[in-house]
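Okay, structure first, notes after.
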Amino acid sequence: MARTPLDLDELVEHWTLLKDEQALVSAKRGATRLGFAVLLKFYTQYGRFPRNWAELPGEAVEFVAR
């Protein structure tokens with residue numbers, strides 16, 4: 001089943017790091033920082049960690065990276 005691409009409003013609502021989340025992420029370095037941030041936001045949205053990388057929306061990862 002194909003996934004509908006996320007629009008900007010969904011990205012901002014579900015994938016923007018909040019102030020307390022930014023503090024947690026800032027303690028990480030390098031690639032660990034992005035991975036931690038994406039897993040954190042996925043967990044807060046779905047209440048679980050992704051089963052594999054394919055569950056992570058590419059546009060969400062790019063949004064968090066920026």
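Just so we're on the same page: first chain in the structure tokens is A, next is B, and so on; residues restart at 1 for each chain, and ligands are numbered from 1 in the order they show up.
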Find the residues near A:Thr4: any atom within 12 Å, counting only C-alpha atoms, skip ones fewer than 6 places away on the same chain, and give them as a count of residues only. 4
Considering only C-alpha atoms, tabulate each residue of stretch 45-65 of chain A that lies at most 12 Å from stretch 17-22 of chain A along with its nearest interatomic pair and the corresponding distance in Å to one decimal; arrange the rows by chain and ascending residue number and present them as CSV.
```
residue,atom,partner,partner_atom,distance
A:Gln45,CA,A:Leu17,CA,12.0
A:Ala60,CA,A:Leu17,CA,11.6
A:Phe63,CA,A:Leu17,CA,10.4
A:Val64,CA,A:Leu17,CA,7.7
A:Ala65,CA,A:Leu17,CA,10.7
```
Expected file contents, prior selection, C-alpha atoms, as a PDB file, in the first residue's frame:
```pdb
ATOM      1  CA  GLN A  45       3.716  10.204  17.182  1.00  0.00           C
ATOM      2  CA  ALA A  60      10.134  13.793   7.540  1.00  0.00           C
ATOM      3  CA  PHE A  63      12.602  18.060   7.451  1.00  0.00           C
ATOM      4  CA  VAL A  64      14.185  17.102  10.788  1.00  0.00           C
ATOM      5  CA  ALA A  65      17.660  17.262   9.232  1.00  0.00           C
TER       6      ALA A  65
END
```
- Query: So which one's closest to A:Leu24, A:Leu40, A:Leu11, A:Tyr46, A:Ala54? Using only C-alpha atoms, please.
  - Reply: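 For A:Leu24, the nearest of the given residues is A:Leu40.
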Taking the backbone alone, and naming residues the way the document does, which bits of chain A are alpha helix (DSSP H) by DSSP, as number ranges by chain? A: 8-15, 19-26, 31-46, 58-65
Can you spit out the residues from that selection as a compact mmCIF listing (two decimals), in the first residue's frame, using N, CA and C atoms?
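Contents of selection.txt, freshly written:
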```txt
# COMPACT_ATOMS: atom_id res chain seq x y z
N LEU A 8 3.45 20.13 4.23
CA LEU A 8 4.20 20.98 5.15
C LEU A 8 3.53 21.10 6.52
N ASP A 9 2.20 21.21 6.55
CA ASP A 9 1.50 21.32 7.82
C ASP A 9 1.71 20.09 8.69
N GLU A 10 1.68 18.90 8.09
CA GLU A 10 1.90 17.66 8.84
C GLU A 10 3.34 17.57 9.33
N LEU A 11 4.27 18.00 8.50
CA LEU A 11 5.67 17.99 8.92
C LEU A 11 5.89 18.90 10.11
N VAL A 12 5.34 20.10 10.05
CA VAL A 12 5.50 21.06 11.14
C VAL A 12 4.82 20.54 12.41
N GLU A 13 3.63 20.00 12.28
CA GLU A 13 2.87 19.54 13.44
C GLU A 13 3.51 18.33 14.13
N HIS A 14 3.96 17.38 13.35
CA HIS A 14 4.41 16.11 13.93
C HIS A 14 5.92 15.92 14.00
N TRP A 15 6.68 16.68 13.24
CA TRP A 15 8.11 16.42 13.13
C TRP A 15 9.00 17.58 13.59
N LYS A 19 11.15 22.41 22.38
CA LYS A 19 12.30 22.92 23.14
C LYS A 19 12.95 21.84 24.01
N ASP A 20 12.15 21.07 24.75
CA ASP A 20 12.73 20.03 25.61
C ASP A 20 13.34 18.90 24.78
N GLU A 21 12.78 18.62 23.61
CA GLU A 21 13.33 17.62 22.71
C GLU A 21 14.65 18.11 22.11
N GLN A 22 14.73 19.39 21.82
CA GLN A 22 15.97 19.96 21.29
C GLN A 22 17.11 19.80 22.29
N ALA A 23 16.79 19.95 23.58
CA ALA A 23 17.81 19.79 24.62
C ALA A 23 18.33 18.35 24.64
N LEU A 24 17.45 17.38 24.48
CA LEU A 24 17.87 15.97 24.44
C LEU A 24 18.74 15.70 23.22
N VAL A 25 18.32 16.22 22.07
CA VAL A 25 19.03 15.97 20.82
C VAL A 25 20.39 16.67 20.82
N SER A 26 20.47 17.83 21.43
CA SER A 26 21.73 18.58 21.41
C SER A 26 22.86 17.85 22.13
N ALA A 31 25.97 11.75 13.14
CA ALA A 31 24.80 11.07 12.59
C ALA A 31 23.87 10.58 13.70
N THR A 32 24.41 10.35 14.88
CA THR A 32 23.59 9.92 16.01
C THR A 32 22.52 10.96 16.33
N ARG A 33 22.86 12.22 16.14
CA ARG A 33 21.93 13.31 16.45
C ARG A 33 20.67 13.23 15.58
N LEU A 34 20.84 13.08 14.28
CA LEU A 34 19.69 13.00 13.38
C LEU A 34 18.90 11.73 13.64
N GLY A 35 19.58 10.61 13.79
CA GLY A 35 18.89 9.34 14.06
C GLY A 35 18.08 9.40 15.33
N PHE A 36 18.67 9.96 16.38
CA PHE A 36 17.97 10.09 17.66
C PHE A 36 16.74 10.98 17.51
N ALA A 37 16.89 12.11 16.83
CA ALA A 37 15.78 13.05 16.66
C ALA A 37 14.63 12.41 15.90
N VAL A 38 14.94 11.70 14.83
CA VAL A 38 13.89 11.07 14.02
C VAL A 38 13.19 9.97 14.82
N LEU A 39 13.97 9.15 15.53
CA LEU A 39 13.35 8.10 16.35
C LEU A 39 12.49 8.69 17.46
N LEU A 40 12.95 9.77 18.06
CA LEU A 40 12.18 10.44 19.11
C LEU A 40 10.84 10.93 18.60
N LYS A 41 10.85 11.60 17.44
CA LYS A 41 9.61 12.13 16.89
C LYS A 41 8.68 11.00 16.41
N PHE A 42 9.24 9.94 15.85
CA PHE A 42 8.43 8.79 15.45
C PHE A 42 7.76 8.19 16.68
N TYR A 43 8.54 8.01 17.74
CA TYR A 43 8.00 7.43 18.97
C TYR A 43 6.89 8.30 19.57
N THR A 44 7.08 9.60 19.58
CA THR A 44 6.05 10.48 20.17
C THR A 44 4.77 10.45 19.34
N GLN A 45 4.89 10.22 18.05
CA GLN A 45 3.72 10.20 17.18
C GLN A 45 3.00 8.85 17.19
N TYR A 46 3.76 7.76 17.20
CA TYR A 46 3.16 6.43 17.05
C TYR A 46 3.21 5.57 18.32
N GLY A 58 10.60 9.66 4.22
CA GLY A 58 11.80 10.37 3.75
C GLY A 58 11.70 11.86 3.91
N GLU A 59 10.52 12.41 3.60
CA GLU A 59 10.36 13.86 3.72
C GLU A 59 10.43 14.31 5.18
N ALA A 60 10.04 13.46 6.12
CA ALA A 60 10.13 13.79 7.54
C ALA A 60 11.60 13.80 7.98
N VAL A 61 12.37 12.83 7.51
CA VAL A 61 13.79 12.78 7.85
C VAL A 61 14.49 14.03 7.31
N GLU A 62 14.18 14.40 6.08
CA GLU A 62 14.78 15.62 5.49
C GLU A 62 14.37 16.86 6.27
N PHE A 63 13.10 16.92 6.69
CA PHE A 63 12.60 18.06 7.45
C PHE A 63 13.34 18.19 8.78
N VAL A 64 13.49 17.08 9.51
CA VAL A 64 14.19 17.10 10.79
C VAL A 64 15.66 17.47 10.58
N ALA A 65 16.26 16.97 9.52
CA ALA A 65 17.66 17.26 9.23
C ALA A 65 17.90 18.75 9.01
```
